[in-house]
$ cat data24.txt   # compact mmCIF, C-alpha atoms and all ligand atoms
# COMPACT_ATOMS: atom_id res chain seq x y z
CA MET A 764 -10.35 1.51 -14.62
CA ASP A 765 -6.77 2.21 -15.58
CA HIS A 766 -4.85 3.77 -18.43
CA PHE A 767 -2.95 0.71 -19.65
CA GLY A 768 -4.56 -0.80 -22.74
CA TYR A 769 -3.83 -2.05 -26.25
CA GLN A 770 -3.93 0.30 -29.21
CA HIS A 771 -2.93 -0.75 -32.72
CA GLY A 772 -1.73 -4.09 -31.44
CA THR A 773 0.59 -2.84 -28.72
CA LEU A 774 0.28 -2.01 -25.04
CA MET A 775 0.09 1.68 -24.17
CA ALA A 776 0.72 3.51 -20.93
CA GLU A 777 -1.60 6.49 -21.35
CA ALA A 778 -0.50 7.95 -24.72
CA LEU A 779 2.88 6.18 -24.94
CA PRO A 780 3.76 2.74 -26.31
CA VAL A 781 5.21 0.61 -23.52
CA ALA A 782 7.70 -0.93 -25.99
CA ASP A 783 9.20 2.51 -26.69
CA LEU A 784 9.52 3.19 -22.98
CA ALA A 785 11.25 -0.16 -22.48
CA ASP A 786 13.74 0.76 -25.22
CA ARG A 787 14.28 4.21 -23.76
CA PHE A 788 14.62 3.31 -20.07
CA GLY A 789 15.63 -0.35 -20.26
CA THR A 790 14.09 -3.33 -18.47
CA PRO A 791 13.02 -4.40 -15.94
CA LEU A 792 11.04 -1.21 -15.48
CA TYR A 793 8.20 -0.08 -13.25
CA LEU A 794 5.80 2.13 -15.20
CA TYR A 795 3.10 4.17 -13.49
CA SER A 796 0.21 6.15 -14.89
CA ARG A 797 -0.46 9.53 -13.32
CA ALA A 798 -4.01 9.69 -14.67
CA THR A 799 -4.79 6.32 -13.10
CA LEU A 800 -3.48 7.05 -9.64
CA GLU A 801 -5.19 10.45 -9.59
CA ARG A 802 -8.44 8.91 -10.76
CA HIS A 803 -8.32 6.35 -7.97
CA TRP A 804 -7.61 8.98 -5.32
CA HIS A 805 -10.48 11.16 -6.56
CA ALA A 806 -12.80 8.14 -6.62
CA PHE A 807 -12.16 7.68 -2.91
CA ASP A 808 -12.40 11.35 -2.09
CA ARG A 809 -15.61 11.88 -4.05
CA ALA A 810 -17.19 8.74 -2.62
CA VAL A 811 -17.22 10.26 0.86
CA GLY A 812 -18.86 13.43 -0.47
CA ASP A 813 -19.30 16.30 2.01
CA HIS A 814 -19.03 14.10 5.06
CA PRO A 815 -15.90 15.42 6.82
CA HIS A 816 -13.03 13.11 5.92
CA LEU A 817 -9.35 12.72 5.20
CA ILE A 818 -7.85 10.31 2.68
CA CYS A 819 -4.50 9.22 4.12
CA TYR A 820 -2.72 7.30 1.37
CA ALA A 821 -0.79 4.34 2.86
CA VAL A 822 2.78 5.25 1.96
CA LYS A 823 4.01 1.66 2.28
CA ALA A 824 2.21 0.70 -0.94
CA ASN A 825 4.47 2.89 -3.04
CA ALA A 826 6.70 5.48 -1.43
CA ASN A 827 8.33 7.07 -4.46
CA LEU A 828 8.66 10.82 -3.90
CA ALA A 829 6.95 11.63 -7.19
CA VAL A 830 3.95 9.49 -6.24
CA LEU A 831 3.72 11.13 -2.81
CA ASN A 832 4.13 14.57 -4.34
CA LEU A 833 1.33 14.06 -6.88
CA LEU A 834 -0.98 12.91 -4.08
CA ALA A 835 0.09 15.84 -1.87
CA ARG A 836 -0.84 18.18 -4.72
CA LEU A 837 -4.35 16.68 -4.67
CA GLY A 838 -4.58 17.49 -0.97
CA SER A 839 -4.06 13.93 0.22
CA GLY A 840 -3.05 12.99 3.73
CA PHE A 841 -0.72 10.07 4.44
CA ASP A 842 -0.67 6.97 6.62
CA ILE A 843 2.90 6.26 7.69
CA VAL A 844 4.48 3.43 9.66
CA SER A 845 8.03 4.67 10.20
CA GLY A 846 10.22 7.72 10.60
CA GLY A 847 11.51 6.97 7.12
CA GLU A 848 8.03 7.25 5.66
CA LEU A 849 7.45 10.51 7.52
CA ALA A 850 10.69 11.91 6.13
CA ARG A 851 9.61 10.89 2.63
CA VAL A 852 6.22 12.57 3.03
CA LEU A 853 7.84 15.81 4.18
CA GLN A 854 10.46 15.63 1.45
CA ALA A 855 7.67 15.19 -1.12
CA GLY A 856 5.85 18.30 0.14
CA GLY A 857 3.15 16.44 2.10
CA ASP A 858 1.26 18.27 4.83
CA PRO A 859 2.28 16.88 8.25
CA THR A 860 -1.04 17.94 9.77
CA LYS A 861 -2.67 15.34 7.50
CA VAL A 862 -0.42 12.46 8.58
CA VAL A 863 -1.49 9.53 10.73
CA PHE A 864 1.18 7.26 12.20
CA SER A 865 0.33 3.54 12.43
CA GLY A 866 2.46 0.56 13.41
CA VAL A 867 3.09 -1.64 16.46
CA GLY A 868 6.71 -0.71 17.13
CA LYS A 869 7.17 3.06 17.12
CA SER A 870 10.51 4.03 18.67
CA ALA A 871 10.91 7.03 20.96
CA ASP A 872 12.93 8.73 18.21
CA GLU A 873 10.14 8.22 15.70
CA MET A 874 7.66 9.65 18.19
CA ARG A 875 9.86 12.74 18.65
CA GLN A 876 10.20 13.13 14.90
CA ALA A 877 6.41 12.95 14.44
CA LEU A 878 5.67 15.31 17.34
CA THR A 879 8.18 17.81 15.95
CA ALA A 880 6.55 17.60 12.53
CA GLY A 881 3.14 18.13 14.12
CA ILE A 882 1.27 15.14 12.71
CA HIS A 883 -2.50 14.76 12.83
CA CYS A 884 -2.65 11.63 14.96
CA PHE A 885 -0.79 8.62 16.33
CA ASN A 886 -2.62 5.33 15.88
CA VAL A 887 -1.51 3.75 19.13
CA GLU A 888 -1.40 -0.04 19.15
CA SER A 889 -0.73 -0.94 22.79
CA GLU A 890 -0.88 0.41 26.32
CA ALA A 891 2.93 0.27 26.54
CA GLU A 892 3.12 2.51 23.47
CA LEU A 893 0.63 4.91 25.06
CA GLU A 894 2.84 5.23 28.14
CA ARG A 895 5.95 5.80 26.07
CA LEU A 896 4.24 8.39 23.90
CA ASN A 897 3.04 10.23 27.01
CA LEU A 898 6.60 10.37 28.37
CA VAL A 899 8.09 11.53 25.08
CA ALA A 900 5.43 14.22 24.68
CA ARG A 901 6.00 15.34 28.27
CA GLU A 902 9.75 15.69 27.68
CA MET A 903 8.96 17.86 24.69
CA SER A 904 6.24 19.82 26.53
CA VAL A 905 3.66 19.01 23.90
CA VAL A 906 0.47 17.00 23.83
CA ALA A 907 0.26 13.97 21.53
CA PRO A 908 -2.97 13.48 19.55
CA VAL A 909 -3.97 9.81 19.58
CA SER A 910 -6.40 7.24 18.30
CA LEU A 911 -6.30 3.78 19.75
CA ARG A 912 -6.11 1.06 17.14
CA ILE A 913 -8.61 -1.54 18.20
CA ASN A 914 -8.41 -5.12 17.05
CA PRO A 915 -12.07 -6.01 16.47
CA ASP A 916 -11.46 -9.74 15.95
CA VAL A 917 -13.06 -9.85 12.52
CA ASP A 918 -12.07 -12.30 9.80
CA ALA A 919 -11.12 -10.31 6.71
CA ASN A 920 -11.16 -13.44 4.49
CA THR A 921 -7.83 -12.59 2.98
CA HIS A 922 -4.34 -14.09 2.83
CA PRO A 923 -3.18 -14.92 6.39
CA TYR A 924 -0.05 -12.76 5.97
CA ILE A 925 -2.14 -9.66 5.24
CA SER A 926 -4.96 -10.28 7.68
CA THR A 927 -4.55 -8.00 10.67
CA GLY A 928 -7.84 -7.84 12.59
CA LEU A 929 -7.94 -11.26 14.22
CA LYS A 930 -7.25 -11.96 17.88
CA GLU A 931 -4.12 -13.92 17.00
CA ASN A 932 -2.64 -11.01 14.97
CA LYS A 933 -0.10 -8.68 16.58
CA PHE A 934 -2.04 -5.55 15.66
CA GLY A 935 -4.10 -3.23 17.80
CA ILE A 936 -5.50 -3.35 21.30
CA PRO A 937 -7.87 -6.25 21.97
CA MET A 938 -11.52 -5.25 22.02
CA ALA A 939 -11.82 -6.56 25.58
CA ARG A 940 -9.13 -4.08 26.73
CA ALA A 941 -10.38 -1.15 24.66
CA LEU A 942 -12.47 0.61 27.28
CA ASP A 943 -9.78 0.35 29.95
CA SER A 944 -7.13 1.58 27.53
CA TYR A 945 -9.21 4.64 26.72
CA ARG A 946 -9.75 5.33 30.41
CA ARG A 947 -6.02 5.11 30.93
CA ALA A 948 -5.33 7.38 27.96
CA ALA A 949 -7.79 9.92 29.35
CA ARG A 950 -5.78 10.09 32.57
CA LEU A 951 -2.41 10.69 30.88
CA SER A 952 -1.33 14.32 31.04
CA HIS A 953 0.32 14.59 27.62
CA ILE A 954 -2.13 12.56 25.57
CA GLU A 955 -5.18 13.95 23.83
CA ILE A 956 -7.75 11.43 22.66
CA LYS A 957 -8.85 12.19 19.11
CA GLY A 958 -10.37 9.05 17.73
CA VAL A 959 -10.47 5.34 17.20
CA ASP A 960 -8.74 3.34 14.51
CA CYS A 961 -8.84 -0.11 13.01
CA HIS A 962 -7.39 -1.89 10.01
CA ILE A 963 -8.50 -5.48 9.60
CA GLY A 964 -6.46 -6.52 6.60
CA SER A 965 -5.59 -5.91 3.01
CA GLN A 966 -7.08 -6.97 -0.33
CA LEU A 967 -10.61 -7.28 1.06
CA THR A 968 -13.05 -8.00 -1.72
CA SER A 969 -16.37 -7.76 0.10
CA LEU A 970 -18.08 -5.35 2.48
CA PRO A 971 -19.25 -7.58 5.36
CA PRO A 972 -15.90 -7.72 7.22
CA PHE A 973 -15.60 -3.90 7.06
CA LEU A 974 -19.15 -3.52 8.33
CA ALA A 975 -18.68 -6.06 11.10
CA ALA A 976 -15.64 -4.10 12.30
CA LEU A 977 -17.58 -0.83 12.05
CA GLU A 978 -20.41 -2.21 14.14
CA ARG A 979 -18.00 -3.21 16.90
CA LEU A 980 -16.24 0.13 16.86
CA LEU A 981 -19.52 2.05 17.00
CA ALA A 982 -20.59 0.06 20.05
CA LEU A 983 -17.29 1.04 21.67
CA ILE A 984 -17.71 4.70 20.64
CA ASP A 985 -21.17 4.76 22.28
CA GLN A 986 -19.76 3.22 25.45
CA LEU A 987 -17.01 5.86 25.51
CA GLU A 988 -19.58 8.65 25.05
CA ARG A 989 -21.37 7.41 28.12
CA GLU A 990 -18.11 7.75 30.05
CA GLY A 991 -17.59 11.27 28.81
CA ILE A 992 -14.87 10.37 26.31
CA HIS A 993 -15.79 12.05 23.04
CA LEU A 994 -14.10 11.12 19.77
CA GLU A 995 -13.63 13.38 16.77
CA HIS A 996 -12.79 10.80 14.17
CA LEU A 997 -13.11 7.21 13.13
CA ASP A 998 -10.18 5.84 11.12
CA VAL A 999 -11.34 2.81 9.14
CA GLY A 1000 -7.86 1.90 7.89
CA GLY A 1001 -7.12 0.72 4.37
CA GLY A 1002 -7.70 -2.67 2.87
CA LEU A 1003 -10.13 -2.17 0.01
CA GLY A 1004 -9.14 -4.78 -2.57
CA VAL A 1005 -8.46 -4.47 -6.29
CA THR A 1006 -8.96 -6.66 -9.33
CA TYR A 1007 -5.87 -8.76 -9.98
CA ASP A 1008 -7.73 -11.52 -11.82
CA ASP A 1009 -11.50 -11.77 -11.65
CA GLU A 1010 -12.15 -10.39 -8.16
CA THR A 1011 -14.95 -7.85 -7.97
CA PRO A 1012 -14.16 -5.72 -4.92
CA PRO A 1013 -16.65 -3.04 -3.91
CA HIS A 1014 -16.19 0.33 -5.61
CA PRO A 1015 -15.18 3.12 -3.18
CA ASP A 1016 -18.71 4.54 -3.73
CA GLN A 1017 -20.35 1.39 -2.40
CA TYR A 1018 -17.86 1.15 0.42
CA ALA A 1019 -18.32 4.76 1.51
CA ARG A 1020 -22.12 4.56 1.19
CA ALA A 1021 -22.21 1.49 3.42
CA LEU A 1022 -19.98 3.15 6.01
CA LEU A 1023 -21.94 6.39 6.04
CA GLN A 1024 -25.18 4.45 6.46
CA GLY A 1025 -23.57 2.54 9.31
CA LEU A 1026 -22.64 5.79 11.08
CA LYS A 1027 -26.36 6.57 11.41
CA GLY A 1028 -25.96 10.30 11.67
CA ARG A 1029 -23.03 10.28 14.10
CA ARG A 1030 -20.89 13.37 13.57
CA LEU A 1031 -17.56 11.58 13.46
CA SER A 1032 -15.21 12.52 10.66
CA LEU A 1033 -13.80 9.59 8.70
CA ILE A 1034 -10.19 8.76 7.94
CA PHE A 1035 -9.33 6.26 5.18
CA GLU A 1036 -5.91 4.71 4.65
CA PRO A 1037 -6.04 3.21 1.16
CA GLY A 1038 -2.81 2.05 -0.42
CA ARG A 1039 -3.46 -0.75 -2.87
CA ALA A 1040 -6.76 0.66 -4.15
CA ILE A 1041 -4.93 3.79 -5.30
CA MET A 1042 -1.67 2.39 -6.62
CA ALA A 1043 -1.94 -1.30 -7.59
CA ASN A 1044 -3.55 -0.86 -10.98
CA ALA A 1045 -1.72 2.40 -11.61
CA GLY A 1046 1.48 0.46 -12.28
CA ILE A 1047 2.97 -2.35 -14.35
CA LEU A 1048 6.31 -4.11 -14.28
CA VAL A 1049 7.80 -4.41 -17.74
CA THR A 1050 10.21 -7.27 -18.25
CA ARG A 1051 11.98 -8.83 -21.22
CA ILE A 1052 12.22 -12.53 -21.94
CA GLU A 1053 15.86 -13.55 -21.84
CA TYR A 1054 15.33 -17.18 -22.78
CA LEU A 1055 12.60 -19.66 -23.54
CA LYS A 1056 13.53 -22.97 -22.07
CA GLN A 1057 11.93 -26.37 -22.37
CA GLY A 1058 11.94 -28.45 -19.22
CA GLU A 1059 10.92 -32.07 -19.09
CA GLU A 1060 7.64 -31.29 -17.42
CA ARG A 1061 7.00 -27.70 -18.39
CA ASP A 1062 8.27 -24.74 -20.33
CA PHE A 1063 9.87 -21.71 -18.79
CA ALA A 1064 9.99 -18.11 -19.90
CA VAL A 1065 13.07 -16.80 -18.13
CA VAL A 1066 12.62 -13.04 -17.82
CA ASP A 1067 14.92 -10.27 -16.60
CA ALA A 1068 12.72 -9.35 -13.58
CA ALA A 1069 12.76 -11.51 -10.49
CA MET A 1070 11.41 -11.99 -6.99
CA ASN A 1071 13.70 -9.23 -5.72
CA ASP A 1072 11.88 -6.80 -8.05
CA LEU A 1073 8.35 -8.10 -7.40
CA LEU A 1074 8.05 -10.28 -4.32
CA ARG A 1075 4.29 -10.78 -4.10
CA PRO A 1076 4.05 -13.98 -6.19
CA SER A 1077 6.87 -15.65 -4.25
CA LEU A 1078 5.85 -14.43 -0.81
CA TYR A 1079 2.08 -14.80 -0.92
CA GLY A 1080 1.57 -16.98 -3.98
CA ALA A 1081 -0.11 -13.83 -5.32
CA TRP A 1082 -1.49 -14.03 -8.85
CA GLN A 1083 -0.88 -11.06 -11.14
CA LYS A 1084 -1.82 -10.91 -14.80
CA ILE A 1085 1.11 -11.29 -17.21
CA ILE A 1086 0.45 -10.02 -20.71
CA PRO A 1087 2.55 -9.57 -23.84
CA VAL A 1088 3.43 -5.97 -24.64
CA THR A 1089 3.01 -6.68 -28.36
CA PRO A 1090 0.85 -9.78 -28.83
CA ARG A 1091 1.82 -12.25 -31.57
CA ALA A 1092 -0.24 -14.61 -33.65
CA GLY A 1093 0.40 -18.33 -33.35
CA ARG A 1094 -0.07 -21.15 -30.92
CA GLU A 1095 -0.21 -20.52 -27.18
CA ARG A 1096 2.01 -22.54 -24.88
CA LEU A 1097 1.98 -22.94 -21.16
CA TYR A 1098 4.90 -21.25 -19.39
CA ASP A 1099 6.14 -20.67 -15.91
CA VAL A 1100 7.42 -17.09 -15.98
CA VAL A 1101 10.54 -17.15 -13.83
CA GLY A 1102 13.38 -14.77 -12.97
CA PRO A 1103 17.16 -15.14 -12.80
CA VAL A 1104 17.33 -15.42 -8.98
CA CYS A 1105 18.69 -18.70 -7.67
CA GLU A 1106 15.59 -19.90 -5.82
CA THR A 1107 12.84 -22.23 -6.91
CA GLY A 1108 10.43 -19.73 -5.36
CA ASP A 1109 11.54 -17.09 -7.84
CA PHE A 1110 8.61 -16.80 -10.20
CA LEU A 1111 6.31 -14.04 -11.39
CA GLY A 1112 3.61 -16.38 -12.62
CA LYS A 1113 3.00 -20.08 -13.11
CA GLU A 1114 1.24 -21.94 -15.90
CA ARG A 1115 0.51 -18.93 -18.07
CA GLN A 1116 -0.77 -19.32 -21.62
CA LEU A 1117 1.46 -17.15 -23.80
CA ARG A 1118 2.46 -16.75 -27.44
CA VAL A 1119 5.98 -15.47 -27.14
CA LYS A 1120 9.53 -15.60 -28.47
CA GLY A 1121 12.84 -14.90 -26.79
CA GLY A 1122 13.40 -11.13 -26.52
CA ASP A 1123 9.68 -10.29 -26.24
CA LEU A 1124 8.44 -7.88 -23.63
CA LEU A 1125 5.92 -8.88 -20.99
CA ALA A 1126 3.99 -6.67 -18.59
CA VAL A 1127 3.04 -7.80 -15.10
CA ARG A 1128 -0.12 -5.91 -14.28
CA SER A 1129 -1.34 -4.48 -10.97
CA ALA A 1130 2.25 -3.92 -9.87
CA GLY A 1131 1.99 -0.30 -8.69
CA ALA A 1132 1.36 -1.23 -5.04
CA TYR A 1133 3.71 -3.41 -2.97
CA GLY A 1134 5.87 -3.85 -6.06
CA PHE A 1135 8.91 -1.60 -6.02
CA ALA A 1136 8.15 -0.88 -2.36
CA MET A 1137 9.09 -4.46 -1.47
CA ALA A 1138 12.06 -4.73 -3.83
CA SER A 1139 15.47 -5.76 -2.54
CA ASN A 1140 18.99 -6.23 -3.81
CA TYR A 1141 18.94 -10.00 -3.34
CA ASN A 1142 21.45 -11.75 -5.61
CA SER A 1143 23.17 -8.34 -5.89
CA ARG A 1144 20.63 -7.17 -8.40
CA PRO A 1145 20.40 -3.37 -8.68
CA ARG A 1146 16.89 -2.09 -8.06
CA VAL A 1147 15.09 -1.18 -11.25
CA ALA A 1148 14.06 2.20 -12.65
CA GLU A 1149 10.62 3.74 -12.10
CA VAL A 1150 8.94 5.92 -14.69
CA MET A 1151 5.74 7.97 -14.37
CA VAL A 1152 3.76 8.47 -17.55
CA ASP A 1153 1.71 11.64 -17.75
CA GLY A 1154 -0.23 11.77 -21.02
CA SER A 1155 2.40 11.80 -23.74
CA GLN A 1156 5.28 12.59 -21.35
CA ALA A 1157 7.39 10.06 -19.48
CA HIS A 1158 9.34 11.10 -16.39
CA LEU A 1159 12.11 9.06 -14.83
CA ILE A 1160 11.11 9.19 -11.16
CA ARG A 1161 13.77 6.83 -9.90
CA GLU A 1162 17.00 5.99 -11.65
CA ARG A 1163 18.05 2.40 -12.07
CA GLU A 1164 20.60 1.60 -9.37
CA THR A 1165 24.20 1.33 -10.48
CA LEU A 1166 26.58 -1.44 -9.50
CA ASN A 1167 28.58 0.98 -7.32
CA GLN A 1168 25.48 1.77 -5.32
CA LEU A 1169 25.21 -1.90 -4.41
CA TRP A 1170 28.06 -1.65 -1.91
CA GLN A 1171 27.55 1.94 -0.83
CA GLY A 1172 28.20 2.20 2.90
CA GLU A 1173 30.08 -1.12 3.11
CA HIS A 1174 33.63 -1.13 4.51
CA LEU A 1175 36.62 -3.48 4.33
CA LEU A 1176 38.57 -4.39 7.45
CA PRO A 1177 41.91 -2.53 7.81
N1 LIG B 1 -3.25 1.03 7.10
C1 LIG B 1 -2.54 0.13 7.79
C2 LIG B 1 -2.41 0.30 9.24
C3 LIG B 1 -1.94 -0.96 7.13
O1 LIG B 1 -1.25 -1.84 7.83
C4 LIG B 1 -2.07 -1.09 5.73
C5 LIG B 1 -1.43 -2.19 5.01
C6 LIG B 1 -2.81 -0.10 5.05
C7 LIG B 1 -3.39 0.93 5.75
C8 LIG B 1 -3.00 -0.15 3.57
O2 LIG B 1 -3.72 -1.25 3.16
P1 LIG B 1 -4.19 -1.40 1.65
O3 LIG B 1 -5.23 -0.34 1.38
O4 LIG B 1 -3.01 -1.24 0.77
O5 LIG B 1 -4.76 -2.78 1.58
N2 LIG B 1 2.51 -6.44 1.04
C9 LIG B 1 1.15 -6.93 1.06
C10 LIG B 1 0.18 -5.95 1.66
C11 LIG B 1 0.52 -5.59 3.08
C12 LIG B 1 -0.41 -4.57 3.66
C13 LIG B 1 0.04 -4.13 4.99
N3 LIG B 1 -0.74 -3.11 5.58
C14 LIG B 1 0.77 -7.30 -0.36
O6 LIG B 1 1.59 -7.14 -1.26
O7 LIG B 1 -0.31 -7.78 -0.61

$ encode --input "data24.txt" --output "structure tokens"
Amino acid sequence: MDHFGYQHGTLMAEALPVADLADRFGTPLYLYSRATLERHWHAFDRAVGDHPHLICYAVKANANLAVLNLLARLGSGFDIVSGGELARVLQAGGDPTKVVFSGVGKSADEMRQALTAGIHCFNVESEAELERLNLVAREMSVVAPVSLRINPDVDANTHPYISTGLKENKFGIPMARALDSYRRAARLSHIEIKGVDCHIGSQLTSLPPFLAALERLLALIDQLEREGIHLEHLDVGGGLGVTYDDETPPHPDQYARALLQGLKGRRLSLIFEPGRAIMANAGILVTRIEYLKQGEERDFAVVDAAMNDLLRPSLYGAWQKIIPVTPRAGRERLYDVVGPVCETGDFLGKERQLRVKGGDLLAVRSAGAYGFAMASNYNSRPRVAEVMVDGSQAHLIRERETLNQLWQGEHLLP
């Protein structure tokens, strides 16, 4: 459930009309709902009940400082994949002892940064990384807490670009190497084994892939126990899907119940790394129609947002609902909703039934995760503003970029 809905014939973000916000802050505009993102975080947290756990929000989904700060205030942890994300978490007031660090390519500098901050755990993705982390920790005379990210070779049934738990994917340590990698980790002087980690993909809409991965990890955990390697936590990654169209992903309650049943009384604490499930439906992208244009084969609604603002449709062929901010009466027509960027792949939606006129506002739903976070300046388009709605208040949480900012840091030759 989210807090974007129609009232008196116009779309509201919590208690505020989206049309007023578009007038006040301009378009294109990312609009987030505080009540929605908090609700989603609590849904996850409550689902796990009193079983020891940590919700580590995946910063990559939406890294705005205000978003991170609101989650930090709830007591959230964070899943990071770069030194930049760690810096953001700290800047937003996040607790470093609740941070887990994922990613296949951590640099020595990033390791130092994370060890200095005192993070909860490194999710180590290869034996080479383990060796490097040991050296870096030794230089700093500290011990690095680690989980090994295991690739369980499970098909997540999701888009190939966001599937991460198959043998052919670059992520994690292959299951066949897992035991040896743990033995090696146990011998390293500046490594402390804390847990095991996996993340099989994103936008999963059913439980079986999660449970298949869990089963494989539990078998590994039991094997490790027999060798005297005891784990404190199991990090199940992120990946729980959301409704973009008519998908019916499991509710966090169902997901957590299934996992807890699967644990069969084991005393492992659980770490979750949800990104999309918290932020996707807590945000919309508001865009204005610049022109309606009749092609020979189809009609186009040319809007002021483009693939540089919301890349998912172009990159993954992702489908996101596009709705009028203030619906009109009249006959629907079929439109491709396209942006001003000079690429055929620049579209927000294809073949959408809409009743619209030039100048109307549209909202692209489910845009709170992997929306602004993946925005670029392609075609020298300034990145758009972000606003957080909180009841009847709207807060500008990121200013629209100015033209001068476009070439900040660039230099002419003498
Ligand atoms: N943990 C790790 C290690 C991850 O790689 C990811 C996402 C997450 C957690 C969070 O997954 P989530 O709960 O959001 O599904 N840009 C793509 C999604 C890429 C996800 C990458 N990893 C998209 O727009 O669909």

$ residues_near_ligand --input "data24.txt" --ligand "ligand LIG 1 (chain B)" --cutoff "6 Å" --atoms "all atoms listed in the file" --output "number ranges by chain"
A: 821, 824, 865, 925, 962, 965-966, 1000-1003, 1036-1040, 1075, 1133

$ residues_around --input "data24.txt" --residues "A:Ile1047" --least-positions-apart "3" --cutoff "6 Å" --atoms "only C-alpha atoms" --output "PDB file with C-alpha atoms, in the frame of the given file"
ATOM      1  CA  TYR A 793       8.200  -0.080 -13.250  1.00  0.00           C
ATOM      2  CA  LEU A 794       5.800   2.130 -15.200  1.00  0.00           C
ATOM      3  CA  VAL A1127       3.040  -7.800 -15.100  1.00  0.00           C
ATOM      4  CA  ARG A1128      -0.120  -5.910 -14.280  1.00  0.00           C
ATOM      5  CA  SER A1129      -1.340  -4.480 -10.970  1.00  0.00           C
ATOM      6  CA  ALA A1130       2.250  -3.920  -9.870  1.00  0.00           C
TER       7      ALA A1130
END

$ residues_around --input "data24.txt" --residues "stretch 1009-1016 of chain A" --least-positions-apart "2" --cutoff "8 Å" --atoms "only C-alpha atoms" --output "list of chain:residue names"
A:Ala806, A:Phe807, A:Arg809, A:Ala810, A:Val811, A:Leu967, A:Thr968, A:Ser969, A:Leu970, A:Leu1003, A:Gly1004, A:Val1005, A:Thr1006, A:Tyr1007, A:Tyr1018, A:Ala1019, A:Arg1020

$ closest_residue --input "data24.txt" --among "A:Leu1023, A:Leu1169, A:Ala1138, A:Leu893" --to "A:Ser944" --atoms "all atoms listed in the file"
A:Leu893

$ closest_residue --input "data24.txt" --among "A:Ala919, A:Ile913, A:Cys961, A:Ala1126" --to "A:Tyr769" --atoms "all atoms listed in the file"
A:Ala1126

$ residues_around --input "data24.txt" --residues "A:Asp1109" --least-positions-apart "3" --cutoff "6 Å" --atoms "only C-alpha atoms" --output "PyMOL selection string"
chain A and resi 1070+1102+1106

$ closest_residue --input "data24.txt" --among "A:Lys933, A:Arg851, A:Arg1144, A:Arg901" --to "A:His953" --atoms "only C-alpha atoms"
A:Arg901

$ closest_residue --input "data24.txt" --among "A:Thr860, A:Asn914, A:Thr879, A:Gln1017" --to "A:Arg979" --atoms "all atoms listed in the file"
A:Asn914

$ atom_distance --input "data24.txt" --atom1 "atom CA of A:Cys1105" --atom2 "atom CA of A:Asp786"
26.7 Å
